[in-house]
file final.pdb (PDB, C-alpha atoms, pLDDT in the B column)
ATOM      1  CA  MET S   1      10.713 -27.230  10.192  1.00 70.00           C
ATOM      2  CA  ALA S   2      12.778 -28.546  13.080  1.00 74.00           C
ATOM      3  CA  LEU S   3      14.387 -25.143  13.573  1.00 79.00           C
ATOM      4  CA  GLN S   4      10.957 -23.512  13.668  1.00 80.00           C
ATOM      5  CA  PHE S   5      10.157 -25.780  16.611  1.00 83.00           C
ATOM      6  CA  ALA S   6      13.460 -25.257  18.393  1.00 82.00           C
ATOM      7  CA  THR S   7      13.977 -21.525  17.879  1.00 80.00           C
ATOM      8  CA  PRO S   8      11.999 -18.791  19.610  1.00 77.00           C
ATOM      9  CA  GLY S   9      10.970 -15.685  17.739  1.00 72.00           C
ATOM     10  CA  ALA S  10       9.013 -17.102  14.812  1.00 72.00           C
ATOM     11  CA  PRO S  11       7.019 -14.520  12.842  1.00 72.00           C
ATOM     12  CA  PRO S  12       3.466 -13.918  14.108  1.00 72.00           C
ATOM     13  CA  GLY S  13       1.166 -16.698  13.041  1.00 70.00           C
ATOM     14  CA  GLN S  14       4.041 -19.145  12.554  1.00 72.00           C
ATOM     15  CA  GLU S  15       5.035 -19.678  16.164  1.00 77.00           C
ATOM     16  CA  VAL S  16       4.592 -23.025  17.871  1.00 85.00           C
ATOM     17  CA  VAL S  17       1.202 -23.433  19.500  1.00 86.00           C
ATOM     18  CA  LEU S  18       1.395 -22.480  23.187  1.00 87.00           C
ATOM     19  CA  GLN S  19       5.064 -21.653  22.743  1.00 88.00           C
ATOM     20  CA  GLU S  20       5.310 -20.414  26.322  1.00 89.00           C
ATOM     21  CA  ARG S  21       4.998 -24.048  27.465  1.00 90.00           C
ATOM     22  CA  LEU S  22       8.014 -25.161  25.400  1.00 93.00           C
ATOM     23  CA  ALA S  23      11.472 -24.641  26.923  1.00 93.00           C
ATOM     24  CA  GLN S  24      13.049 -23.809  23.557  1.00 91.00           C
ATOM     25  CA  ASP S  25      16.314 -22.742  25.203  1.00 93.00           C
ATOM     26  CA  ARG S  26      16.851 -26.413  26.127  1.00 95.00           C
ATOM     27  CA  LEU S  27      16.288 -27.785  22.609  1.00 95.00           C
ATOM     28  CA  ASP S  28      19.836 -28.535  21.481  1.00 96.00           C
ATOM     29  CA  PHE S  29      19.094 -31.511  19.185  1.00 96.00           C
ATOM     30  CA  SER S  30      20.434 -33.998  21.754  1.00 97.00           C
ATOM     31  CA  LEU S  31      18.686 -37.186  22.843  1.00 97.00           C
ATOM     32  CA  GLU S  32      18.206 -35.604  26.288  1.00 98.00           C
ATOM     33  CA  SER S  33      16.324 -32.706  24.696  1.00 98.00           C
ATOM     34  CA  LEU S  34      13.534 -35.138  23.807  1.00 98.00           C
ATOM     35  CA  LYS S  35      12.585 -34.978  27.502  1.00 98.00           C
ATOM     36  CA  VAL S  36      11.749 -31.297  26.896  1.00 97.00           C
ATOM     37  CA  VAL S  37       9.514 -32.369  23.998  1.00 97.00           C
ATOM     38  CA  ASP S  38       7.833 -34.906  26.298  1.00 97.00           C
ATOM     39  CA  ASP S  39       7.160 -32.199  28.892  1.00 96.00           C
ATOM     40  CA  TYR S  40       5.724 -29.862  26.261  1.00 95.00           C
ATOM     41  CA  LEU S  41       3.475 -32.531  24.768  1.00 95.00           C
ATOM     42  CA  GLU S  42       2.261 -33.513  28.233  1.00 94.00           C
ATOM     43  CA  ASP S  43       1.294 -29.885  28.867  1.00 91.00           C
ATOM     44  CA  LEU S  44      -0.603 -29.850  25.575  1.00 89.00           C
ATOM     45  CA  ARG S  45      -2.222 -33.194  26.368  1.00 89.00           C
ATOM     46  CA  ALA S  46      -3.558 -31.776  29.619  1.00 89.00           C
ATOM     47  CA  LEU S  47      -5.560 -29.240  27.586  1.00 85.00           C
ATOM     48  CA  GLY S  48      -7.458 -32.034  25.862  1.00 83.00           C
ATOM     49  CA  GLU S  49      -7.281 -33.227  22.275  1.00 75.00           C
ATOM     50  CA  GLU S  50     -10.501 -31.504  21.250  1.00 77.00           C
ATOM     51  CA  ALA S  51      -9.176 -28.091  22.312  1.00 77.00           C
ATOM     52  CA  LEU S  52      -5.851 -28.717  20.594  1.00 75.00           C
ATOM     53  CA  PHE S  53      -7.337 -29.748  17.270  1.00 74.00           C
ATOM     54  CA  ARG S  54      -9.371 -26.524  17.218  1.00 76.00           C
ATOM     55  CA  HIS S  55      -6.195 -24.463  17.585  1.00 75.00           C
ATOM     56  CA  SER S  56      -5.242 -22.991  14.207  1.00 74.00           C
ATOM     57  CA  ARG S  57      -1.519 -23.807  14.456  1.00 79.00           C
ATOM     58  CA  PHE S  58      -1.826 -27.249  16.058  1.00 83.00           C
ATOM     59  CA  THR S  59      -1.163 -29.342  12.931  1.00 80.00           C
ATOM     60  CA  ALA S  60       1.840 -27.268  11.863  1.00 81.00           C
ATOM     61  CA  SER S  61       3.243 -27.318  15.406  1.00 86.00           C
ATOM     62  CA  MET S  62       2.979 -31.106  15.633  1.00 87.00           C
ATOM     63  CA  GLY S  63       4.676 -31.420  12.232  1.00 85.00           C
ATOM     64  CA  ARG S  64       7.502 -29.235  13.507  1.00 89.00           C
ATOM     65  CA  ALA S  65       7.782 -31.357  16.655  1.00 93.00           C
ATOM     66  CA  GLY S  66       8.024 -34.492  14.497  1.00 91.00           C
ATOM     67  CA  ALA S  67      10.675 -32.842  12.332  1.00 90.00           C
ATOM     68  CA  TYR S  68      12.639 -31.902  15.460  1.00 94.00           C
ATOM     69  CA  ILE S  69      12.521 -35.498  16.736  1.00 95.00           C
ATOM     70  CA  GLY S  70      13.688 -36.787  13.349  1.00 93.00           C
ATOM     71  CA  GLU S  71      16.568 -34.321  13.308  1.00 94.00           C
ATOM     72  CA  VAL S  72      17.603 -35.453  16.798  1.00 96.00           C
ATOM     73  CA  LEU S  73      17.767 -39.038  15.513  1.00 94.00           C
ATOM     74  CA  ILE S  74      19.737 -38.010  12.430  1.00 92.00           C
ATOM     75  CA  LYS S  75      22.216 -35.913  14.442  1.00 94.00           C
ATOM     76  CA  SER S  76      22.632 -38.749  16.959  1.00 94.00           C
ATOM     77  CA  ALA S  77      23.368 -41.333  14.258  1.00 91.00           C
ATOM     78  CA  PRO S  78      23.919 -39.563  10.904  1.00 89.00           C
ATOM     79  CA  ASP S  79      25.068 -42.707   9.142  1.00 89.00           C
ATOM     80  CA  LYS S  80      21.933 -44.607  10.209  1.00 88.00           C
ATOM     81  CA  PHE S  81      19.010 -42.300   9.295  1.00 88.00           C
ATOM     82  CA  GLN S  82      17.869 -40.149   6.410  1.00 86.00           C
ATOM     83  CA  TRP S  83      14.669 -38.334   5.492  1.00 84.00           C
ATOM     84  CA  ILE S  84      12.787 -39.861   2.589  1.00 79.00           C
ATOM     85  CA  SER S  85       9.717 -38.709   0.704  1.00 73.00           C
ATOM     86  CA  PHE S  86       6.243 -40.139   1.074  1.00 68.00           C
ATOM     87  CA  GLU S  87       6.624 -41.600  -2.419  1.00 70.00           C
ATOM     88  CA  GLU S  88       9.850 -43.370  -1.440  1.00 73.00           C
ATOM     89  CA  ALA S  89       8.120 -44.794   1.631  1.00 72.00           C
ATOM     90  CA  GLY S  90       5.320 -46.110  -0.587  1.00 69.00           C
ATOM     91  CA  GLU S  91       7.742 -47.587  -3.083  1.00 71.00           C
ATOM     92  CA  SER S  92       9.566 -49.376  -0.264  1.00 64.00           C
ATOM     93  CA  GLY S  93       6.493 -51.519   0.336  1.00 60.00           C
ATOM     94  CA  ALA S  94       5.765 -50.130   3.802  1.00 58.00           C
ATOM     95  CA  PRO S  95       2.441 -51.528   5.034  1.00 55.00           C
ATOM     96  CA  GLY S  96      -0.470 -49.155   4.529  1.00 54.00           C
ATOM     97  CA  ILE S  97       1.480 -46.776   2.286  1.00 53.00           C
ATOM     98  CA  SER S  98       0.622 -46.590  -1.383  1.00 51.00           C
ATOM     99  CA  PRO S  99       2.803 -44.588  -3.778  1.00 51.00           C
ATOM    100  CA  ASP S 100      -0.465 -43.573  -5.506  1.00 52.00           C
ATOM    101  CA  GLU S 101      -1.802 -41.739  -2.428  1.00 49.00           C
ATOM    102  CA  PRO S 102      -1.356 -37.969  -2.324  1.00 45.00           C
ATOM    103  CA  GLU S 103       1.674 -36.806  -0.402  1.00 44.00           C
ATOM    104  CA  LEU S 104       0.819 -35.600   3.072  1.00 45.00           C
ATOM    105  CA  TRP S 105       3.474 -33.375   4.631  1.00 42.00           C
ATOM    106  CA  TRP S 106       2.981 -34.851   8.069  1.00 44.00           C
ATOM    107  CA  PHE S 107       4.252 -38.208   6.864  1.00 54.00           C
ATOM    108  CA  LEU S 108       7.807 -37.141   7.668  1.00 63.00           C
ATOM    109  CA  THR S 109       9.526 -40.458   7.155  1.00 74.00           C
ATOM    110  CA  LEU S 110      12.949 -41.574   8.305  1.00 70.00           C
ATOM    111  CA  ARG S 111      14.671 -44.546   6.739  1.00 77.00           C
ATOM    112  CA  GLN S 112      16.817 -46.476   9.139  1.00 73.00           C
ATOM    113  CA  GLN S 113      19.395 -48.658   7.411  1.00 70.00           C
ATOM    114  CA  GLY S 114      17.760 -50.803   4.799  1.00 70.00           C
ATOM    115  CA  ASP S 115      14.000 -50.990   4.773  1.00 74.00           C
ATOM    116  CA  LYS S 116      13.126 -49.963   8.336  1.00 82.00           C
ATOM    117  CA  LEU S 117      10.964 -46.838   8.419  1.00 82.00           C
ATOM    118  CA  THR S 118       9.755 -44.646  11.263  1.00 85.00           C
ATOM    119  CA  TRP S 119       7.370 -41.690  11.386  1.00 85.00           C
ATOM    120  CA  PRO S 120       8.264 -39.255  14.184  1.00 90.00           C
ATOM    121  CA  ILE S 121       5.078 -37.218  13.657  1.00 86.00           C
ATOM    122  CA  ASN S 122       3.002 -40.309  14.410  1.00 87.00           C
ATOM    123  CA  LYS S 123       4.856 -40.656  17.695  1.00 92.00           C
ATOM    124  CA  VAL S 124       4.004 -37.030  18.546  1.00 92.00           C
ATOM    125  CA  LEU S 125       0.309 -37.685  17.985  1.00 88.00           C
ATOM    126  CA  LYS S 126       0.463 -40.943  19.974  1.00 92.00           C
ATOM    127  CA  ARG S 127       2.174 -39.109  22.844  1.00 94.00           C
ATOM    128  CA  ILE S 128      -0.672 -36.612  22.996  1.00 91.00           C
ATOM    129  CA  ALA S 129      -3.304 -39.343  22.748  1.00 90.00           C
ATOM    130  CA  ASN S 130      -1.766 -41.896  25.134  1.00 93.00           C
ATOM    131  CA  GLY S 131       0.430 -39.955  27.526  1.00 94.00           C
ATOM    132  CA  GLU S 132       3.676 -41.127  29.085  1.00 94.00           C
ATOM    133  CA  GLU S 133       3.393 -44.672  27.757  1.00 95.00           C
ATOM    134  CA  ASP S 134       4.302 -43.197  24.363  1.00 96.00           C
ATOM    135  CA  SER S 135       7.286 -41.218  25.633  1.00 97.00           C
ATOM    136  CA  ILE S 136       9.223 -39.310  22.983  1.00 98.00           C
ATOM    137  CA  TYR S 137      12.470 -39.753  24.923  1.00 98.00           C
ATOM    138  CA  GLY S 138      11.813 -43.505  25.227  1.00 97.00           C
ATOM    139  CA  TYR S 139      11.093 -43.686  21.497  1.00 96.00           C
ATOM    140  CA  GLY S 140      14.362 -41.899  20.713  1.00 96.00           C
ATOM    141  CA  ARG S 141      16.371 -44.220  22.960  1.00 96.00           C
ATOM    142  CA  TRP S 142      14.698 -47.307  21.507  1.00 94.00           C
ATOM    143  CA  ILE S 143      15.136 -46.232  17.862  1.00 93.00           C
ATOM    144  CA  LEU S 144      18.803 -45.290  18.398  1.00 93.00           C
ATOM    145  CA  ASN S 145      19.511 -48.534  20.249  1.00 91.00           C
ATOM    146  CA  ASP S 146      17.814 -50.506  17.463  1.00 88.00           C
ATOM    147  CA  ALA S 147      19.941 -48.663  14.891  1.00 86.00           C
ATOM    148  CA  LYS S 148      23.138 -49.792  16.665  1.00 83.00           C
ATOM    149  CA  ASN S 149      22.185 -53.458  16.298  1.00 77.00           C
TER
END

call {"tool": "encode", "arguments": {"input": "final.pdb", "output": "structure tokens"}}
result
Amino acid sequence: MALQFATPGAPPGQEVVLQERLAQDRLDFSLESLKVVDDYLEDLRALGEEALFRHSRFTASMGRAGAYIGEVLIKSAPDKFQWISFEEAGESGAPGISPDEPELWWFLTLRQQGDKLTWPINKVLKRIANGEEDSIYGYGRWILNDAKN
């Protein structure tokens, strides 16, 4: 999913929503590349949430953005993060997550050493809803700094 976000030339119907607003040539899975994601999400935010949610590929595109962010974190600190399933997140006792709930693909969950969990897709949706105060780059820096401690 992360590659589908970062790589131009997806098959018709599978491309990222408003792909022309995403500088995919600058998505190199580095922490700095999260600034590109911020710029893209700000462009989408300017269109308005109602218009975005009506777009047929919006949900898949936001899932791909979340997957890209998670892969950036993993590549930046491979010994600190790993993808886990929704069921594993529920079994870990994360608040609000029940292992009995149906799996939702957009709950892309990263485990950070021990029991700390983070959901990059939620950050994508918050960035669109709240703007710069929910910066993707800031989130990446904060999560990676927290992982060092």

call {"tool": "residues_near_point", "arguments": {"input": "final.pdb", "point": "(0.3, -44.0, 24.7)", "cutoff": "12 Å", "atoms": "all atoms listed in the file", "output": "list in words"}}
result
Asp38, Leu41, Glu42, Arg45, Asn122, Lys123, Val124, Leu125, Lys126, Arg127, Ile128, Ala129, Asn130, Gly131, Glu132, Glu133, Asp134, Ser135, Ile136, Gly138 and Tyr139 of chain S

call {"tool": "resolve_selection", "arguments": {"input": "final.pdb", "expression": "the PyMOL selection byres ((chain S and resi 79) around 12)", "output": "NGL selection string"}}
result
:S and (73-78 or 80-83 or 111-114 or 144 or 147-148)

call {"tool": "residues_around", "arguments": {"input": "final.pdb", "residues": "Phe5 (chain S)", "least_positions_apart": "5", "cutoff": "7 Å", "atoms": "all atoms listed in the file", "output": "PyMOL selection string"}}
result
chain S and resi 16+64-65+68

call {"tool": "atom_distance", "arguments": {"input": "final.pdb", "atom1": "CA of Ile69 (chain S)", "atom2": "CA of Pro120 (chain S)"}}
result
6.2 Å

call {"tool": "closest_residue", "arguments": {"input": "final.pdb", "among": "S:His55, S:Gln19, S:Pro8, S:Asp25", "to": "Asp43 (chain S)", "atoms": "all atoms listed in the file"}}
result
S:Gln19

call {"tool": "resolve_selection", "arguments": {"input": "final.pdb", "expression": "the PyMOL selection byres ((chain S and resi 14) around 10)", "output": "NGL selection string"}}
result
:S and (4-5 or 9-13 or 15-17 or 57 or 60-61)

call {"tool": "closest_residue", "arguments": {"input": "final.pdb", "among": "S:Asn145, S:Ala6, S:Val72, S:Ile84", "to": "Ser30 (chain S)", "atoms": "all atoms listed in the file"}}
result
S:Val72

call {"tool": "closest_residue", "arguments": {"input": "final.pdb", "among": "S:Leu110, S:Ile143, S:Ala2, S:Met62", "to": "Phe29 (chain S)", "atoms": "only C-alpha atoms"}}
result
S:Ala2

call {"tool": "atom_distance", "arguments": {"input": "final.pdb", "atom1": "CA of Met1 (chain S)", "atom2": "CA of Gln24 (chain S)"}}
result
14.0 Å

call {"tool": "closest_residue", "arguments": {"input": "final.pdb", "among": "S:Leu52, S:Phe58, S:Ala23, S:Asp28", "to": "Tyr40 (chain S)", "atoms": "all atoms listed in the file"}}
result
S:Ala23

call {"tool": "atom_distance", "arguments": {"input": "final.pdb", "atom1": "CA of Ser56 (chain S)", "atom2": "CA of Val37 (chain S)"}}
result
20.0 Å

call {"tool": "residues_near_point", "arguments": {"input": "final.pdb", "point": "(11.3, -45.7, 3.3)", "cutoff": "6 Å", "atoms": "all atoms listed in the file", "output": "list of chain:residue names"}}
result
S:Glu88, S:Ala89, S:Ser92, S:Arg111, S:Leu117
